[in-house]
Amino acid sequence: MAKDVLLEDINPQQKEAIIHSKGPLLVLAGAGSGKTRVITRKFAYLVKKKKYRPSSIFTVTFTNKAAGEMKERIRGFIDQDIKQSWVGTFHSQCNKILRKEITALGYKPDFSIYDDSDQCNLIRHILKELKIYEALYKGVASRISILKSSLVSPQEFLSQGDGFSFDEKLGRVYLKYQDELKRCNALDFDDMIMLTVKLFEDHPKIRNKYHELFPYILVDEFQDTNRAQYRLLQLLTSAEKNICAVGDDDQSIYKFRGADVSNILNFEKDFPDAKIIKLEQNYRSTQNILDVSGAVIAKNPKRKSKKLWTEKGCGEKIFYCRTNSEEEEAKYVARSIKDLYLKGNYEYKDFAVLYRINLQARAIEDALRGETIPYHVVSGISFYHRKEIKDIISYMKLIINRDDNVSLRRIINSPSRGIGASTISKIEQEAKKSSQGLFAAAKSMLKANSVAASIKDKLSELVKTIERISATSYKTAADMLKDIVERTGYIDEIEEERLQNILELVSSAENIHVKDFADRVSLLAVNDEPEHKASVSLMTLHSAKGLEFPVVFIIGMEEGILPYFKAIDDVSEMQEERRLFYVGMTRAKDVLCLTGVKRRRLYSKVQEQEPSHFLRDIPKECCHWVEKIQQKQETAQGPIKVPPKKIAPLYIIGSRVKHPSWGVGIVRDCCGEGTDAKITVNFPGIGLKRLAAKFANLEKM
DNA sequence: AAGGTATAACTTTTT
DNA sequence: GTTATACCTT
């Protein structure tokens, strides 16, 4: 090996993080500080220098996208096959373990995986049965999910209640829910973590086996772990305590899903000899953006303080513009985008418009369409959540796991077979009486001839179809899906668009074995739509995490929107809103623009809006402050002029110059024109220097 | 069992 | 104001 590839283009802190390979390590990686670079190179370093097998480094991320990216980049460093390495999401890793070991917990290895909607369906069913107001199901589902992600069992929860309040009812629902899941041989997302924890806690032998399998553990986005996930990591960490957790407490924005920032704050307590490394050099944003976002986040107490800096130069001031209405706000955003685009420095894909709630996208969409600017909305609704797709997949789940009552309920009358509520409840009763699954119960009722004549044929046809498909062995999941679509009659009564979706599903199942495909669609799911090449991105602040754009707009900078009104009287939620704003700002590379409105129509009411109090924390000297709230003529004119980024700059950023005493350096920034130009140059070994172009006597190279 | 009208709720969402 | 759900009608 020539010079060490792994340690090229690496700053001292990153290097330290990469080569620290014994004992616990916490890497506090500020926004844009090259976190993924550190993890992937560390992985490669452990393999190449420390002779770990790739399959012995347990690497967890939160999203499939992050896992994929990581594998891709690791592959660039290592010639060994990493196909069967353990790089994946928490859920896929647990799935892999549980498919092998779950019999120890009394489940069968062919368990179904329930997503949120399956989970909600089951909870509604239970609420109905326990005669509890059904519309509460969403709240109940999220409470249960938080309990599970905090490792509180139904028994524990019931025992700590007073026995009277709503919590008592909730406890009963929770207990029954867990019971039903087991009956269905199904796991929800929280179970996948919780049961793996239980597996390791109750079975030291199994735990030891995995200790030997995984002498090193790498964790990405550690600030987003919930208690169960953290417990899992502790259980998985063997006596040598080789665990490296990478995260940023300032970017913890998923508390509502159970994420617990205190995991990152307590890491040192749990691993007393932990080494802590801070990554504070930022490779993404201008110093101005870092100063502004840094000042805002500094107001949060109890954080691991970080001071981000960059070699990029100060860049432009950020913008804040307040308009009369949402329409004007949107128009301002659209025109600013067009303006910058026409100046030729940016393409449409370089822009992102970020907002707190999805509702806000609509006005922006209208305005962008008005200016004929191409855009796409990154939304939560994924391909796999479409009704027709979920239906077909439910057939597949039922075929793999006949105890899967939730899937059976879903498809029993889809396509319509005339099997309604009354028939289903008869089957439910029979199932309860004979303590079997719904499918088995339906089957025995048919045998005993205790089904209404009018639907007997339909039901028996369904049962036969399911059994016939079960009995067939398919080479690929695509073959099975085709069979399902044809034999169940699903194809006969759907519109063209839905049919297209199904065909797409089938083609995505080519060359994959049935069970692998079922796991994949259950765990891989969401947002893997193709990247949009040439258009402006619209998304929530939450979905923007992990991304970066040269130009970022954050709209709705108002009390009640950002921070959202539900957070206003809760201190810790308020801190999270601030972090959310911080995450948004640190997405920007060059230009950051904040907007807000004076009056907003929210739901049916028109409200006077106060500017977000977060704006008060922005250093005035870093920001162009624009109020467009009068009704004058000029208001109707274009957006305020965004200073041209580079009109024939004296020195091109990134170019090399020579200074009489400091030698050769790289131009990081150049602002101003003619004789006033100020230029920032990084001289290796000397550091950043800000020079007046007139006097500096620089030689272009 | 399907289709219609009234009613209420209205964040964020890695898996 | 919009959307999803709940209940009522045929």
# chains A, B, ... in the order shown; residues from 1 in each chain; ligands from 1
$ closest_atom_pairs --of "chain A" --to "chain B" --cutoff "7 Å" --atoms "only C-alpha atoms (C1' of nucleotides)" --output "Markdown table"
| residue | atom | partner | partner_atom | distance |
| --- | --- | --- | --- | --- |
| A:Phe62 | CA | B:DT14 | C1' | 5.0 |
| A:Thr63 | CA | B:DT14 | C1' | 4.9 |
| A:His91 | CA | B:DT15 | C1' | 6.2 |
| A:Phe189 | CA | B:DT15 | C1' | 6.3 |
| A:Ile357 | CA | B:DT11 | C1' | 6.2 |
| A:Gly420 | CA | B:DA1 | C1' | 6.7 |
| A:Leu523 | CA | B:DT15 | C1' | 6.0 |
| A:His542 | CA | B:DT12 | C1' | 6.4 |
$ write_last_selection --atoms "N, CA and C atoms" --output "PDB file, in the first residue's frame"
ATOM      1  N   PHE A  62     -29.793   3.809  11.345  1.00  0.00           N
ATOM      2  CA  PHE A  62     -31.240   3.892  11.516  1.00  0.00           C
ATOM      3  C   PHE A  62     -32.007   3.709  10.219  1.00  0.00           C
ATOM      4  N   THR A  63     -31.391   4.087   9.125  1.00  0.00           N
ATOM      5  CA  THR A  63     -32.120   3.969   7.865  1.00  0.00           C
ATOM      6  C   THR A  63     -31.396   3.005   6.932  1.00  0.00           C
ATOM      7  N   HIS A  91     -33.335  -2.708  13.044  1.00  0.00           N
ATOM      8  CA  HIS A  91     -34.393  -3.691  12.842  1.00  0.00           C
ATOM      9  C   HIS A  91     -33.947  -4.859  11.968  1.00  0.00           C
ATOM     10  N   PHE A 189     -42.504  -3.438  15.072  1.00  0.00           N
ATOM     11  CA  PHE A 189     -41.136  -2.910  15.015  1.00  0.00           C
ATOM     12  C   PHE A 189     -40.484  -2.849  16.400  1.00  0.00           C
ATOM     13  N   ILE A 357     -44.494  21.642   9.157  1.00  0.00           N
ATOM     14  CA  ILE A 357     -45.596  20.704   8.919  1.00  0.00           C
ATOM     15  C   ILE A 357     -45.922  20.589   7.429  1.00  0.00           C
ATOM     16  N   GLY A 420     -68.648 -10.071   5.222  1.00  0.00           N
ATOM     17  CA  GLY A 420     -68.701  -8.830   5.989  1.00  0.00           C
ATOM     18  C   GLY A 420     -68.471  -9.044   7.466  1.00  0.00           C
ATOM     19  N   LEU A 523     -39.259  -4.356   6.192  1.00  0.00           N
ATOM     20  CA  LEU A 523     -38.242  -3.558   6.866  1.00  0.00           C
ATOM     21  C   LEU A 523     -37.662  -2.456   6.000  1.00  0.00           C
ATOM     22  N   HIS A 542     -37.829  17.405   9.548  1.00  0.00           N
ATOM     23  CA  HIS A 542     -37.433  16.063   9.956  1.00  0.00           C
ATOM     24  C   HIS A 542     -36.817  15.274   8.800  1.00  0.00           C
TER      25      HIS A 542
END
$ closest_atom_pairs --of "chain A" --to "chain C" --cutoff "12 Å" --atoms "only C-alpha atoms (C1' of nucleotides)" --output "CSV"
residue,atom,partner,partner_atom,distance
A:Tyr133,CA,C:DA6,C1',11.4
A:Glu134,CA,C:DA6,C1',10.0
A:Ala135,CA,C:DT5,C1',8.0
A:Leu136,CA,C:DT5,C1',11.5
A:Tyr137,CA,C:DT5,C1',11.8
A:Leu359,CA,C:DT2,C1',10.4
A:Arg601,CA,C:DG1,C1',9.2
A:Leu602,CA,C:DG1,C1',8.6
A:Tyr603,CA,C:DG1,C1',5.8
A:Ser604,CA,C:DG1,C1',5.4
A:Lys605,CA,C:DG1,C1',9.0
A:Val606,CA,C:DG1,C1',11.1
$ atom_distance --atom1 "atom CA of Lys475 of chain A" --atom2 "atom CA of Asp519 of chain A"
16.3 Å
$ atom_distance --atom1 "atom CA of Asp248 of chain A" --atom2 "atom CA of Asp224 of chain A"
9.0 Å
$ atom_distance --atom1 "atom CA of Ser149 of chain A" --atom2 "atom CA of Arg257 of chain A"
8.6 Å
$ residues_around --residues "segment 503-517 of chain A" --least-positions-apart "6" --cutoff "7 Å" --atoms "only C-alpha atoms (C1' of nucleotides)" --output "PyMOL selection string"
chain A and resi 475-478+481-482
$ write_last_selection --atoms "all heavy atoms" --output "PDB file, in the first residue's frame"
ATOM      1  N   LYS A 475     -39.828 -20.381  -7.023  1.00  0.00           N
ATOM      2  CA  LYS A 475     -38.410 -20.043  -7.153  1.00  0.00           C
ATOM      3  C   LYS A 475     -38.149 -18.640  -6.646  1.00  0.00           C
ATOM      4  O   LYS A 475     -37.213 -18.374  -5.918  1.00  0.00           O
ATOM      5  CB  LYS A 475     -38.005 -20.112  -8.640  1.00  0.00           C
ATOM      6  CG  LYS A 475     -37.188 -21.333  -9.023  1.00  0.00           C
ATOM      7  CD  LYS A 475     -36.070 -20.888  -9.975  1.00  0.00           C
ATOM      8  CE  LYS A 475     -35.558 -22.042 -10.823  1.00  0.00           C
ATOM      9  NZ  LYS A 475     -36.365 -22.263 -12.040  1.00  0.00           N
ATOM     10  N   THR A 476     -39.032 -17.718  -7.053  1.00  0.00           N
ATOM     11  CA  THR A 476     -38.824 -16.333  -6.621  1.00  0.00           C
ATOM     12  C   THR A 476     -40.123 -15.766  -6.068  1.00  0.00           C
ATOM     13  O   THR A 476     -41.214 -16.274  -6.326  1.00  0.00           O
ATOM     14  CB  THR A 476     -38.414 -15.417  -7.796  1.00  0.00           C
ATOM     15  OG1 THR A 476     -39.544 -15.241  -8.650  1.00  0.00           O
ATOM     16  CG2 THR A 476     -37.257 -15.990  -8.583  1.00  0.00           C
ATOM     17  N   ALA A 477     -39.971 -14.670  -5.325  1.00  0.00           N
ATOM     18  CA  ALA A 477     -41.144 -13.997  -4.771  1.00  0.00           C
ATOM     19  C   ALA A 477     -42.045 -13.475  -5.879  1.00  0.00           C
ATOM     20  O   ALA A 477     -43.267 -13.446  -5.738  1.00  0.00           O
ATOM     21  CB  ALA A 477     -40.703 -12.858  -3.858  1.00  0.00           C
ATOM     22  N   ALA A 478     -41.437 -13.087  -7.005  1.00  0.00           N
ATOM     23  CA  ALA A 478     -42.239 -12.575  -8.118  1.00  0.00           C
ATOM     24  C   ALA A 478     -43.235 -13.625  -8.601  1.00  0.00           C
ATOM     25  O   ALA A 478     -44.398 -13.317  -8.876  1.00  0.00           O
ATOM     26  CB  ALA A 478     -41.331 -12.129  -9.260  1.00  0.00           C
ATOM     27  N   LEU A 481     -46.085 -13.791  -6.132  1.00  0.00           N
ATOM     28  CA  LEU A 481     -46.949 -12.615  -6.220  1.00  0.00           C
ATOM     29  C   LEU A 481     -47.865 -12.691  -7.444  1.00  0.00           C
ATOM     30  O   LEU A 481     -49.060 -12.407  -7.362  1.00  0.00           O
ATOM     31  CB  LEU A 481     -46.108 -11.341  -6.268  1.00  0.00           C
ATOM     32  CG  LEU A 481     -45.381 -10.987  -4.967  1.00  0.00           C
ATOM     33  CD1 LEU A 481     -44.442  -9.809  -5.166  1.00  0.00           C
ATOM     34  CD2 LEU A 481     -46.375 -10.668  -3.851  1.00  0.00           C
ATOM     35  N   LYS A 482     -47.310 -13.119  -8.573  1.00  0.00           N
ATOM     36  CA  LYS A 482     -48.125 -13.258  -9.782  1.00  0.00           C
ATOM     37  C   LYS A 482     -49.277 -14.210  -9.527  1.00  0.00           C
ATOM     38  O   LYS A 482     -50.427 -13.948  -9.887  1.00  0.00           O
ATOM     39  CB  LYS A 482     -47.270 -13.804 -10.939  1.00  0.00           C
ATOM     40  CG  LYS A 482     -46.562 -12.720 -11.736  1.00  0.00           C
ATOM     41  CD  LYS A 482     -45.808 -13.356 -12.896  1.00  0.00           C
ATOM     42  CE  LYS A 482     -44.409 -12.780 -13.002  1.00  0.00           C
ATOM     43  NZ  LYS A 482     -43.451 -13.654 -13.669  1.00  0.00           N
TER      44      LYS A 482
END
$ residues_around --residues "Gly546 of chain A" --least-positions-apart "3" --cutoff "9 Å" --atoms "only C-alpha atoms (C1' of nucleotides)" --output "mmCIF file with N, CA, C and O atoms, in the first residue's frame"
data_model
loop_
_atom_site.group_PDB
_atom_site.id
_atom_site.type_symbol
_atom_site.label_atom_id
_atom_site.label_comp_id
_atom_site.auth_asym_id
_atom_site.auth_seq_id
_atom_site.Cartn_x
_atom_site.Cartn_y
_atom_site.Cartn_z
ATOM 1 N N ALA A 31 -22.714 18.720 13.008
ATOM 2 C CA ALA A 31 -23.326 18.672 11.673
ATOM 3 C C ALA A 31 -22.265 18.890 10.608
ATOM 4 O O ALA A 31 -21.426 19.768 10.738
ATOM 5 N N GLY A 32 -22.279 18.040 9.605
ATOM 6 C CA GLY A 32 -21.375 18.224 8.476
ATOM 7 C C GLY A 32 -19.906 18.030 8.791
ATOM 8 O O GLY A 32 -19.037 18.539 8.094
ATOM 9 N N SER A 543 -37.451 15.326 7.647
ATOM 10 C CA SER A 543 -36.921 14.508 6.549
ATOM 11 C C SER A 543 -35.626 15.078 5.998
ATOM 12 O O SER A 543 -34.956 14.408 5.219
ATOM 13 N N VAL A 583 -31.137 21.724 12.958
ATOM 14 C CA VAL A 583 -30.913 20.734 11.901
ATOM 15 C C VAL A 583 -31.208 21.362 10.542
ATOM 16 O O VAL A 583 -30.435 21.217 9.593
ATOM 17 N N ARG A 587 -28.342 22.367 7.221
ATOM 18 C CA ARG A 587 -28.395 21.683 5.912
ATOM 19 C C ARG A 587 -27.790 22.558 4.822
ATOM 20 O O ARG A 587 -27.481 22.104 3.739
#
$ residues_around --residues "segment 328-338 of chain A" --least-positions-apart "6" --cutoff "6 Å" --atoms "only C-alpha atoms (C1' of nucleotides)" --output "list in words"
Ala363, Ile364, Ala367, Leu368 and Pro639 of chain A
$ write_last_selection --atoms "N, CA and C atoms" --output "mmCIF file, in the first residue's frame"
data_model
loop_
_atom_site.group_PDB
_atom_site.id
_atom_site.type_symbol
_atom_site.label_atom_id
_atom_site.label_comp_id
_atom_site.auth_asym_id
_atom_site.auth_seq_id
_atom_site.Cartn_x
_atom_site.Cartn_y
_atom_site.Cartn_z
ATOM 1 N N ALA A 363 -48.776 25.922 -0.398
ATOM 2 C CA ALA A 363 -48.588 27.274 -0.927
ATOM 3 C C ALA A 363 -47.306 27.348 -1.756
ATOM 4 N N ILE A 364 -46.272 26.680 -1.270
ATOM 5 C CA ILE A 364 -45.000 26.678 -1.991
ATOM 6 C C ILE A 364 -45.165 26.000 -3.351
ATOM 7 N N ALA A 367 -46.823 28.352 -5.759
ATOM 8 C CA ALA A 367 -45.942 29.432 -6.215
ATOM 9 C C ALA A 367 -44.876 28.910 -7.183
ATOM 10 N N LEU A 368 -44.339 27.728 -6.899
ATOM 11 C CA LEU A 368 -43.303 27.179 -7.783
ATOM 12 C C LEU A 368 -43.893 26.865 -9.145
ATOM 13 N N PRO A 639 -38.518 39.758 -5.309
ATOM 14 C CA PRO A 639 -37.927 39.546 -3.996
ATOM 15 C C PRO A 639 -36.727 40.462 -3.820
#
$ select_by_dssp --residues "segment 128-337 of chain A" --states "strand (DSSP E or B)" --output "ChimeraX atom specification"
/A:186-188,216-219,226,243-247,259,275-279,281,309,318-323
$ residues_around --residues "segment 98-103 of chain A" --least-positions-apart "2" --cutoff "12 Å" --atoms "only C-alpha atoms (C1' of nucleotides)" --output "MDAnalysis selection string"
chainID A and resid 91:96 105:113 182 185:187 191:200 202:203 205:207 209:210 515:516 519
$ write_last_selection --atoms "C-alpha atoms" --output "compact mmCIF listing (two decimals), in the first residue's frame"
# COMPACT_ATOMS: atom_id res chain seq x y z
CA HIS A 91 -34.39 -3.69 12.84
CA SER A 92 -32.77 -5.68 10.09
CA GLN A 93 -29.98 -6.79 12.43
CA CYS A 94 -32.51 -7.90 15.03
CA ASN A 95 -34.52 -9.63 12.36
CA LYS A 96 -31.45 -11.59 11.33
CA LEU A 105 -38.78 -17.13 23.26
CA GLY A 106 -41.66 -19.33 22.20
CA TYR A 107 -42.31 -17.75 18.81
CA LYS A 108 -41.99 -19.57 15.50
CA PRO A 109 -39.22 -18.54 13.08
CA ASP A 110 -41.68 -17.62 10.34
CA PHE A 111 -43.08 -14.70 12.34
CA SER A 112 -44.76 -11.85 10.50
CA ILE A 113 -43.54 -8.29 10.87
CA LYS A 182 -47.90 -13.68 20.03
CA ASN A 185 -46.87 -15.15 15.64
CA ALA A 186 -46.16 -11.56 14.73
CA LEU A 187 -43.70 -8.90 15.86
CA ASP A 191 -40.85 -6.06 19.43
CA MET A 192 -37.93 -6.66 17.15
CA ILE A 193 -35.72 -4.67 19.47
CA MET A 194 -37.45 -5.58 22.72
CA LEU A 195 -37.44 -9.31 22.05
CA THR A 196 -33.79 -9.32 21.04
CA VAL A 197 -33.07 -7.64 24.37
CA LYS A 198 -35.15 -10.27 26.12
CA LEU A 199 -33.36 -13.00 24.22
CA PHE A 200 -29.97 -11.80 25.43
CA ASP A 202 -32.84 -14.48 29.46
CA HIS A 203 -30.35 -16.63 27.57
CA LYS A 205 -25.54 -18.72 26.32
CA ILE A 206 -27.00 -17.10 23.25
CA ARG A 207 -25.68 -13.77 24.41
CA LYS A 209 -22.39 -16.65 21.28
CA TYR A 210 -23.03 -13.18 19.86
CA LYS A 515 -39.04 -15.02 2.61
CA ASP A 516 -36.22 -12.62 1.87
CA ASP A 519 -38.53 -9.31 5.17
